[in-house]
>>> print(open('run.tsv').read())   # TSV, C-alpha atoms
chain	number	residue	atom	x	y	z
A	1	MET	CA	1.68	2.67	-10.70
A	2	VAL	CA	5.26	3.88	-10.74
A	3	ARG	CA	5.79	7.56	-10.24
A	4	LEU	CA	8.96	9.06	-8.89
A	5	ILE	CA	7.36	9.33	-5.47
A	6	THR	CA	6.80	5.54	-5.53
A	7	HIS	CA	10.29	4.90	-6.86
A	8	ASN	CA	11.69	6.96	-3.98
A	9	LEU	CA	10.07	4.51	-1.53
A	10	LEU	CA	11.09	1.21	-3.11
A	11	ALA	CA	14.25	-0.70	-2.25
A	12	CYS	CA	15.51	-4.13	-3.22
A	13	HIS	CA	14.34	-6.79	-0.78
A	14	ALA	CA	16.02	-9.87	-2.17
A	15	ARG	CA	17.55	-12.25	0.36
A	16	GLY	CA	20.77	-10.91	1.83
A	17	CYS	CA	20.52	-7.63	-0.03
A	18	THR	CA	20.41	-5.16	2.84
A	19	SER	CA	22.89	-2.42	2.00
A	20	ASN	CA	23.33	-0.21	-1.04
A	21	ASN	CA	19.95	-1.62	-2.16
A	22	PHE	CA	18.46	1.82	-2.87
A	23	PRO	CA	17.67	3.63	-5.16
A	24	LEU	CA	16.76	1.18	-7.90
A	25	ARG	CA	18.09	2.16	-11.33
A	26	PHE	CA	15.68	2.63	-14.24
A	27	SER	CA	16.28	1.09	-17.63
A	28	ASP	CA	14.26	1.11	-20.86
A	29	ALA	CA	11.76	3.42	-19.18
A	30	GLN	CA	8.76	4.54	-21.20
A	31	ILE	CA	7.10	7.49	-19.57
A	32	GLU	CA	3.78	9.28	-19.77
A	33	THR	CA	2.85	12.56	-18.19
A	34	ARG	CA	-0.55	12.90	-16.54
A	35	LYS	CA	-1.83	15.96	-14.71
A	36	ALA	CA	-2.49	15.62	-11.00
A	37	ASP	CA	-4.07	18.14	-8.62
A	38	PHE	CA	-1.42	20.37	-7.07
A	39	ASN	CA	-1.46	20.32	-3.28
A	40	ALA	CA	1.32	22.51	-1.86
A	41	ASP	CA	0.72	21.29	1.70
A	42	PHE	CA	1.28	17.68	0.67
A	43	ILE	CA	4.50	18.46	-1.18
A	44	ARG	CA	5.81	20.45	1.80
A	45	ALA	CA	4.85	17.68	4.24
A	46	PHE	CA	6.41	15.00	2.06
A	47	MET	CA	9.72	16.79	1.48
A	48	PRO	CA	11.37	15.50	4.69
A	49	LYS	CA	10.49	11.90	3.73
A	50	LEU	CA	12.24	12.13	0.37
A	51	GLU	CA	15.73	10.85	-0.33
A	52	TRP	CA	16.58	13.94	-2.30
A	53	SER	CA	19.66	12.83	-4.22
A	54	ALA	CA	17.91	9.57	-5.20
A	55	LEU	CA	15.04	11.63	-6.62
A	56	VAL	CA	17.33	14.00	-8.54
A	57	ASP	CA	19.19	11.05	-9.97
A	58	ALA	CA	16.03	9.11	-10.92
A	59	ALA	CA	14.57	12.18	-12.65
A	60	LYS	CA	17.82	12.60	-14.54
A	61	GLN	CA	17.62	8.96	-15.73
A	62	LEU	CA	14.23	9.87	-17.22
A	63	GLY	CA	15.61	12.96	-18.91
A	64	ASP	CA	14.38	15.55	-16.39
A	65	THR	CA	17.12	17.78	-15.01
A	66	SER	CA	14.91	20.47	-13.51
A	67	LEU	CA	15.60	19.68	-9.83
A	68	PRO	CA	18.45	21.36	-7.92
A	69	LEU	CA	21.20	19.05	-6.64
A	70	GLU	CA	20.54	20.15	-3.08
A	71	ALA	CA	17.03	20.53	-1.68
A	72	PRO	CA	16.49	24.25	-1.08
A	73	ASP	CA	15.65	25.65	2.35
A	74	MET	CA	13.17	28.15	0.96
A	75	LEU	CA	10.25	26.41	-0.71
A	76	ASP	CA	8.64	28.90	-3.06
A	77	GLU	CA	5.57	28.21	-5.20
A	78	GLU	CA	7.56	27.71	-8.39
A	79	PHE	CA	9.81	25.12	-6.76
A	80	LEU	CA	6.85	23.27	-5.19
A	81	LYS	CA	4.96	23.17	-8.48
A	82	ASN	CA	7.95	21.75	-10.30
A	83	LEU	CA	8.54	19.17	-7.55
A	84	HIS	CA	4.84	18.23	-7.75
A	85	ARG	CA	5.23	17.66	-11.49
A	86	VAL	CA	8.37	15.53	-11.11
A	87	LEU	CA	7.07	13.47	-8.17
A	88	LEU	CA	3.45	12.96	-9.15
A	89	GLU	CA	2.90	13.56	-12.85
A	90	ILE	CA	5.59	11.47	-14.51
A	91	HIS	CA	4.38	7.87	-14.84
A	92	ILE	CA	6.78	5.09	-15.77
A	93	GLU	CA	4.62	2.74	-17.82
A	94	GLU	CA	7.15	0.17	-19.03
A	95	GLY	CA	10.75	-0.69	-18.27
A	96	SER	CA	12.52	-2.03	-15.25
A	97	MET	CA	14.25	-1.10	-12.02
A	98	THR	CA	17.55	-2.75	-11.11
A	99	CYS	CA	19.15	-3.04	-7.68
A	100	PRO	CA	22.53	-1.27	-7.54
A	101	ASN	CA	23.81	-3.91	-5.13
A	102	CYS	CA	22.67	-7.36	-6.30
A	103	ASN	CA	21.46	-6.43	-9.80
A	104	HIS	CA	18.05	-7.97	-9.21
A	105	ARG	CA	15.72	-6.64	-11.88
A	106	TYR	CA	12.15	-5.58	-11.07
A	107	PRO	CA	10.07	-5.20	-14.25
A	108	ILE	CA	7.42	-2.53	-14.76
A	109	SER	CA	4.54	-3.48	-17.03
A	110	ASN	CA	1.42	-1.42	-17.77
A	111	GLY	CA	2.51	0.97	-15.04
A	112	ILE	CA	2.64	-1.71	-12.32
A	113	PRO	CA	5.99	-2.56	-10.70
A	114	ASN	CA	6.60	-6.23	-10.07
A	115	MET	CA	8.32	-6.48	-6.70
A	116	LEU	CA	7.66	-10.22	-6.31
A	117	LEU	CA	10.60	-12.46	-5.62
A	118	ALA	CA	10.98	-16.13	-6.37
A	119	GLU	CA	10.70	-18.43	-3.35
A	120	ASP	CA	14.50	-18.81	-3.01
A	121	GLU	CA	15.10	-15.04	-3.19
A	122	ILE	CA	12.82	-14.06	-0.32
A	123	ALA	CA	14.66	-12.55	2.63
B	1	MET	CA	-22.38	9.02	5.28
B	2	LEU	CA	-19.78	8.70	2.55
B	3	PRO	CA	-20.78	6.73	-0.52
B	4	THR	CA	-19.09	3.40	-1.22
B	5	PRO	CA	-16.61	3.89	-4.09
B	6	ASP	CA	-18.00	3.33	-7.58
B	7	LEU	CA	-17.11	-0.24	-8.57
B	8	SER	CA	-19.39	-0.46	-11.61
B	9	HIS	CA	-16.40	-0.92	-13.94
B	10	LEU	CA	-15.66	-4.31	-12.34
B	11	SER	CA	-17.57	-7.32	-13.64
B	12	SER	CA	-18.23	-10.89	-12.61
B	13	LYS	CA	-15.21	-11.80	-14.77
B	14	ASP	CA	-13.01	-9.69	-12.47
B	15	TYR	CA	-14.57	-11.34	-9.45
B	16	GLU	CA	-13.51	-14.73	-10.73
B	17	LEU	CA	-9.94	-13.48	-10.30
B	18	ILE	CA	-10.13	-11.12	-7.33
B	19	TYR	CA	-12.05	-10.91	-4.07
B	20	GLU	CA	-15.38	-9.14	-4.48
B	21	PRO	CA	-16.01	-6.56	-1.76
B	22	ALA	CA	-18.28	-8.13	0.84
B	23	GLU	CA	-19.39	-7.62	4.45
B	24	ASP	CA	-15.80	-7.67	5.73
B	25	THR	CA	-14.82	-4.93	3.28
B	26	PHE	CA	-17.84	-2.83	4.20
B	27	LEU	CA	-17.21	-3.22	7.92
B	28	LEU	CA	-13.67	-1.93	7.37
B	29	LEU	CA	-15.09	1.05	5.44
B	30	ASP	CA	-17.50	1.73	8.31
B	31	ALA	CA	-14.64	1.59	10.82
B	32	LEU	CA	-12.57	4.06	8.79
B	33	GLU	CA	-15.56	6.35	8.46
B	34	LYS	CA	-16.22	6.11	12.20
B	35	ASP	CA	-12.61	7.19	12.84
B	36	ALA	CA	-12.59	9.77	10.02
B	37	GLU	CA	-12.26	12.83	12.26
B	38	ALA	CA	-9.48	11.29	14.32
B	39	LEU	CA	-7.66	10.15	11.17
B	40	ARG	CA	-7.82	13.63	9.63
B	41	ALA	CA	-6.57	15.13	12.90
B	42	THR	CA	-3.32	13.12	12.68
B	43	LYS	CA	-2.54	14.93	9.39
B	44	PRO	CA	-1.49	11.75	7.59
B	45	THR	CA	0.76	11.82	4.52
B	46	VAL	CA	1.28	8.08	3.87
B	47	CYS	CA	-1.45	5.41	3.64
B	48	LEU	CA	-0.66	1.80	2.83
B	49	GLU	CA	-3.13	-0.97	2.10
B	50	ILE	CA	-1.87	-4.53	2.16
B	51	GLY	CA	-3.74	-6.81	-0.26
B	52	SER	CA	-5.85	-4.12	-1.89
B	53	GLY	CA	-7.96	-6.43	-4.10
B	54	SER	CA	-10.63	-4.35	-5.82
B	55	GLY	CA	-9.10	-1.12	-4.47
B	56	CYS	CA	-12.34	-0.29	-2.68
B	57	VAL	CA	-10.77	0.44	0.74
B	58	THR	CA	-7.90	2.61	-0.46
B	59	THR	CA	-10.22	4.60	-2.72
B	60	PHE	CA	-12.58	5.08	0.21
B	61	LEU	CA	-9.69	6.37	2.36
B	62	ASN	CA	-8.98	8.83	-0.39
B	63	GLN	CA	-12.56	10.08	-0.13
B	64	ILE	CA	-12.01	10.64	3.60
B	65	LEU	CA	-8.56	12.20	3.47
B	66	GLY	CA	-8.24	13.85	0.06
B	67	SER	CA	-5.16	14.73	-1.97
B	68	SER	CA	-2.73	15.55	0.84
B	69	VAL	CA	-1.80	11.87	1.19
B	70	ILE	CA	0.02	9.32	-0.93
B	71	TYR	CA	-2.01	6.12	-1.23
B	72	LEU	CA	0.17	3.04	-1.62
B	73	ALA	CA	-1.27	-0.42	-2.10
B	74	THR	CA	0.17	-3.87	-2.62
B	75	ASP	CA	-1.33	-7.10	-3.85
B	76	VAL	CA	0.22	-10.44	-4.67
B	77	ASN	CA	-2.42	-10.92	-7.38
B	78	LEU	CA	-1.61	-8.96	-10.55
B	79	HIS	CA	-5.24	-8.69	-11.61
B	80	ALA	CA	-6.03	-7.16	-8.21
B	81	CYS	CA	-3.32	-4.52	-8.84
B	82	ARG	CA	-4.98	-3.67	-12.16
B	83	CYS	CA	-8.41	-3.46	-10.51
B	84	THR	CA	-7.03	-1.29	-7.68
B	85	CYS	CA	-5.67	1.21	-10.23
B	86	ALA	CA	-8.89	1.08	-12.25
B	87	THR	CA	-11.06	1.69	-9.18
B	88	ALA	CA	-8.94	4.64	-8.13
B	89	SER	CA	-9.15	6.11	-11.60
B	90	ARG	CA	-12.90	5.45	-11.88
B	91	ASN	CA	-13.32	7.49	-8.68
B	92	LYS	CA	-11.01	10.25	-9.94
B	93	THR	CA	-8.10	9.53	-7.67
B	94	ILE	CA	-4.70	7.85	-7.86
B	95	VAL	CA	-3.33	4.84	-6.01
B	96	ASP	CA	0.28	3.78	-6.39
B	97	CYS	CA	-0.19	0.02	-6.58
B	98	ILE	CA	2.67	-2.42	-6.28
B	99	HIS	CA	2.56	-6.06	-7.37
B	100	GLY	CA	4.10	-7.85	-4.44
B	101	SER	CA	3.62	-9.62	-1.16
B	102	LEU	CA	2.70	-7.66	2.00
B	103	ALA	CA	4.95	-4.57	2.39
B	104	CYS	CA	7.61	-5.94	0.04
B	105	GLY	CA	10.25	-3.44	-1.03
B	106	LEU	CA	8.78	-0.72	1.19
B	107	HIS	CA	10.28	-1.69	4.59
B	108	HIS	CA	13.56	0.03	3.98
B	109	ARG	CA	12.12	3.46	3.18
B	110	LEU	CA	8.86	3.42	5.12
B	111	LYS	CA	10.32	2.71	8.57
B	112	ASP	CA	8.27	4.74	11.09
B	113	ALA	CA	6.55	6.47	8.16
B	114	VAL	CA	3.13	4.91	7.53
B	115	ASP	CA	0.32	6.93	9.06
B	116	ILE	CA	-2.61	4.67	8.17
B	117	MET	CA	-2.24	1.03	7.27
B	118	THR	CA	-5.11	-1.35	6.51
B	119	PHE	CA	-5.09	-5.10	6.06
B	120	ASN	CA	-8.06	-7.30	5.27
B	121	PRO	CA	-6.09	-10.54	5.33
B	122	PRO	CA	-6.92	-14.03	4.14
B	123	TYR	CA	-8.53	-15.13	7.42
B	124	VAL	CA	-10.50	-18.27	6.60
B	125	PRO	CA	-9.11	-21.27	8.51
B	126	THR	CA	-7.58	-23.78	6.07
B	127	THR	CA	-4.54	-26.02	6.11
B	128	SER	CA	-1.14	-24.30	6.03
B	129	GLU	CA	-0.36	-26.05	2.74
B	130	GLU	CA	-3.37	-24.32	1.20
B	131	VAL	CA	-2.03	-20.92	2.26
B	132	LEU	CA	1.40	-21.54	0.80
B	133	MET	CA	-0.07	-22.78	-2.44
B	134	ALA	CA	-2.53	-19.90	-2.67
B	135	GLN	CA	0.08	-17.23	-1.97
B	136	GLU	CA	2.40	-18.81	-4.50
B	137	LYS	CA	-0.26	-19.11	-7.20
B	138	ARG	CA	-1.19	-15.48	-6.48
B	139	ASP	CA	-4.84	-16.01	-7.37
B	140	ILE	CA	-8.19	-15.45	-5.70
B	141	GLN	CA	-7.67	-18.25	-3.18
B	142	GLY	CA	-4.88	-16.11	-1.72
B	143	ALA	CA	-7.55	-13.59	-0.71
B	144	TRP	CA	-9.15	-15.94	1.81
B	145	ALA	CA	-7.02	-19.03	2.60
B	146	GLY	CA	-5.62	-18.23	6.06
B	147	GLY	CA	-4.14	-21.47	7.35
B	148	VAL	CA	-4.51	-22.91	10.85
B	149	ASP	CA	-6.76	-20.50	12.84
B	150	GLY	CA	-6.84	-18.38	9.67
B	151	MET	CA	-3.85	-16.49	11.05
B	152	ASP	CA	-0.82	-17.65	9.00
B	153	VAL	CA	-0.53	-14.60	6.75
B	154	THR	CA	-1.71	-12.16	9.43
B	155	ASN	CA	0.84	-13.40	11.96
B	156	HIS	CA	3.57	-13.11	9.39
B	157	PHE	CA	2.67	-9.49	8.71
B	158	LEU	CA	2.03	-8.47	12.34
B	159	SER	CA	5.73	-8.84	13.08
B	160	VAL	CA	6.59	-5.85	10.86
B	161	VAL	CA	3.64	-3.54	11.58
B	162	LYS	CA	5.25	-1.65	14.45
B	163	GLU	CA	8.39	-0.72	12.53
B	164	LEU	CA	6.36	0.61	9.60
B	165	LEU	CA	3.95	2.76	11.61
B	166	SER	CA	4.74	6.43	12.22
B	167	PRO	CA	4.54	7.67	15.84
B	168	GLN	CA	0.89	8.66	15.34
B	169	GLY	CA	0.27	5.78	12.89
B	170	ARG	CA	-2.73	3.47	13.04
B	171	PHE	CA	-3.13	-0.06	11.77
B	172	TYR	CA	-6.56	-1.52	10.92
B	173	LEU	CA	-6.99	-5.27	10.75
B	174	VAL	CA	-10.02	-7.36	9.77
B	175	ALA	CA	-10.45	-10.56	11.77
B	176	LEU	CA	-13.02	-13.26	12.47
B	177	LYS	CA	-14.31	-14.38	15.84
B	178	ALA	CA	-13.11	-17.83	14.78
B	179	ASN	CA	-9.55	-16.44	14.61
B	180	ASP	CA	-9.82	-15.85	18.41
B	181	ILE	CA	-9.91	-12.07	18.83
B	182	LYS	CA	-8.70	-12.14	22.42
B	183	ALA	CA	-5.67	-14.23	21.45
B	184	ILE	CA	-4.87	-11.97	18.48
B	185	ARG	CA	-4.97	-8.86	20.65
B	186	GLN	CA	-2.82	-10.47	23.31
B	187	LYS	CA	-0.30	-11.63	20.76
B	188	MET	CA	-0.25	-8.19	19.15
B	189	LEU	CA	0.49	-6.65	22.55
B	190	ILE	CA	3.04	-9.13	23.85
B	191	GLU	CA	4.85	-10.23	20.71
B	192	ASN	CA	4.42	-7.21	18.44
B	193	GLY	CA	4.22	-4.32	20.92
B	194	LEU	CA	0.87	-3.22	19.47
B	195	LYS	CA	-1.90	-2.04	21.76
B	196	SER	CA	-5.21	-2.61	20.00
B	197	ASN	CA	-8.91	-1.98	20.41
B	198	ILE	CA	-12.07	-3.19	18.74
B	199	VAL	CA	-13.43	-0.45	16.48
B	200	LEU	CA	-16.47	-2.35	15.21
B	201	GLU	CA	-17.91	-5.84	15.15
B	202	ARG	CA	-20.78	-7.29	13.17
B	203	LYS	CA	-22.43	-10.63	12.52
B	204	ALA	CA	-22.83	-11.30	8.83
B	205	GLY	CA	-24.30	-14.69	8.02
B	206	ARG	CA	-21.98	-17.33	9.44
B	207	GLU	CA	-19.15	-14.86	9.98
B	208	HIS	CA	-18.73	-12.72	13.08
B	209	LEU	CA	-16.42	-9.96	11.88
B	210	PHE	CA	-14.19	-7.61	13.84
B	211	ILE	CA	-12.17	-4.54	12.96
B	212	LEU	CA	-9.18	-4.07	15.25
B	213	SER	CA	-7.14	-0.91	15.31
B	214	THR	CA	-3.89	-0.09	17.08
B	215	ARG	CA	-5.25	3.08	18.65
>>> encode(input="run.tsv", output="structure tokens")
Amino acid sequence: MVRLITHNLLACHARGCTSNNFPLRFSDAQIETRKADFNADFIRAFMPKLEWSALVDAAKQLGDTSLPLEAPDMLDEEFLKNLHRVLLEIHIEEGSMTCPNCNHRYPISNGIPNMLLAEDEIA
Amino acid sequence: MLPTPDLSHLSSKDYELIYEPAEDTFLLLDALEKDAEALRATKPTVCLEIGSGSGCVTTFLNQILGSSVIYLATDVNLHACRCTCATASRNKTIVDCIHGSLACGLHHRLKDAVDIMTFNPPYVPTTSEEVLMAQEKRDIQGAWAGGVDGMDVTNHFLSVVKELLSPQGRFYLVALKANDIKAIRQKMLIENGLKSNIVLERKAGREHLFILSTR
């Protein structure tokens, strides 16, 4: 399953690709929106683990520009609900993610990201 | 006692391609249930299962910990990834499943971040060639072929466990008596900096199973 929360945790791991290997860039993304239970405590607890600008950028690639460029200090209900929607309810079903450094392409098919590498690409 | 996740959507056809939950799986569930209070008390936000197979373990963790956690899972077998997602959905939860080997692609961002990590590795002693072939073919054999001492894949993964775990993080590992539990624990301590204990052990047919945890 690829949601933006998953995408925010994935980096390229091809051999020798150790810098500028995050965030992966979406292309040909087909998305679906599915409701998920809102849990404000989880969103608050997860905020510090997010790479915020990577998230804003990824959402933008999928046509969602609702997130502020800087993460706000005050986390009100409206902000948390929108972040919940962006992080957990947008599913990338098809498409691919490409490494900004080495251009390795990781396909997404039926909602499952393929992070496998060929034998000679393994770090 | 928590119920075992509903797996009625999986058929014998699926179990030709993926590992069917068995005594080792259930012992791991029992260990997680035994530690349930302690796990909740650490207020986890990130769970990661390596080699999720049917998705039974991750879905069970979800029953223990609820929606305040992201459940990540990986499997080298694509059909296992599909079954993991299906099992989560059947039990009204969500698992973010990744088709890949061990913690592939997650090291960079999950350094010191995983609160609960589980691994029921391929632990059956075989030749090392069998392991390599099985992991490369990414089929059901990869779920059990463990190489010399049954520890090839486990040893490979143990070297990255410490850097993935959060300060209060716990790692659960399934192992066989035949893998030499004392040697595993010593190796974990000396080579991997992981202090472990035995959460549960059980004899099931020919197998004497252990669940080790790092806390």
>>> interface_residues(input="run.tsv", of="chain B", to="chain A", cutoff="8 Å", atoms="all atoms listed in the file", output="mmCIF file with C-alpha atoms, keeping the file's coordinate frame")
data_model
loop_
_atom_site.group_PDB
_atom_site.id
_atom_site.type_symbol
_atom_site.label_atom_id
_atom_site.label_comp_id
_atom_site.auth_asym_id
_atom_site.auth_seq_id
_atom_site.Cartn_x
_atom_site.Cartn_y
_atom_site.Cartn_z
ATOM 1 C CA THR B 45 0.760 11.820 4.520
ATOM 2 C CA SER B 67 -5.160 14.730 -1.970
ATOM 3 C CA SER B 68 -2.730 15.550 0.840
ATOM 4 C CA VAL B 69 -1.800 11.870 1.190
ATOM 5 C CA VAL B 76 0.220 -10.440 -4.670
ATOM 6 C CA CYS B 81 -3.320 -4.520 -8.840
ATOM 7 C CA ARG B 82 -4.980 -3.670 -12.160
ATOM 8 C CA CYS B 85 -5.670 1.210 -10.230
ATOM 9 C CA VAL B 95 -3.330 4.840 -6.010
ATOM 10 C CA ASP B 96 0.280 3.780 -6.390
ATOM 11 C CA CYS B 97 -0.190 0.020 -6.580
ATOM 12 C CA ILE B 98 2.670 -2.420 -6.280
ATOM 13 C CA HIS B 99 2.560 -6.060 -7.370
ATOM 14 C CA GLY B 100 4.100 -7.850 -4.440
ATOM 15 C CA SER B 101 3.620 -9.620 -1.160
ATOM 16 C CA CYS B 104 7.610 -5.940 0.040
ATOM 17 C CA GLY B 105 10.250 -3.440 -1.030
ATOM 18 C CA LEU B 106 8.780 -0.720 1.190
ATOM 19 C CA HIS B 107 10.280 -1.690 4.590
ATOM 20 C CA HIS B 108 13.560 0.030 3.980
ATOM 21 C CA ARG B 109 12.120 3.460 3.180
ATOM 22 C CA LEU B 110 8.860 3.420 5.120
#
>>> closest_residue(input="run.tsv", among="A:Cys17, A:Ala29, A:Ala71, A:Cys102", to="Ala58 (chain A)", atoms="all atoms listed in the file")
A:Ala29
>>> atom_distance(input="run.tsv", atom1="CA of Asn20 (chain A)", atom2="CA of Asn103 (chain A)")
10.9 Å
>>> residues_around(input="run.tsv", residues="Ser54 (chain B)", least_positions_apart="6", cutoff="7 Å", atoms="only C-alpha atoms", output="ChimeraX atom specification")
/B:18-20,80,83-84,87
>>> atom_distance(input="run.tsv", atom1="CA of Ser159 (chain B)", atom2="CA of Thr58 (chain B)")
22.4 Å
>>> residues_around(input="run.tsv", residues="Trp144 (chain B)", least_positions_apart="6", cutoff="8 Å", atoms="all atoms listed in the file", output="number ranges by chain")
B: 121-124
>>> residues_near_point(input="run.tsv", point="(2.7, 7.0, 14.5)", cutoff="8 Å", atoms="all atoms listed in the file", output="PyMOL selection string")
chain B and resi 112-115+165-170
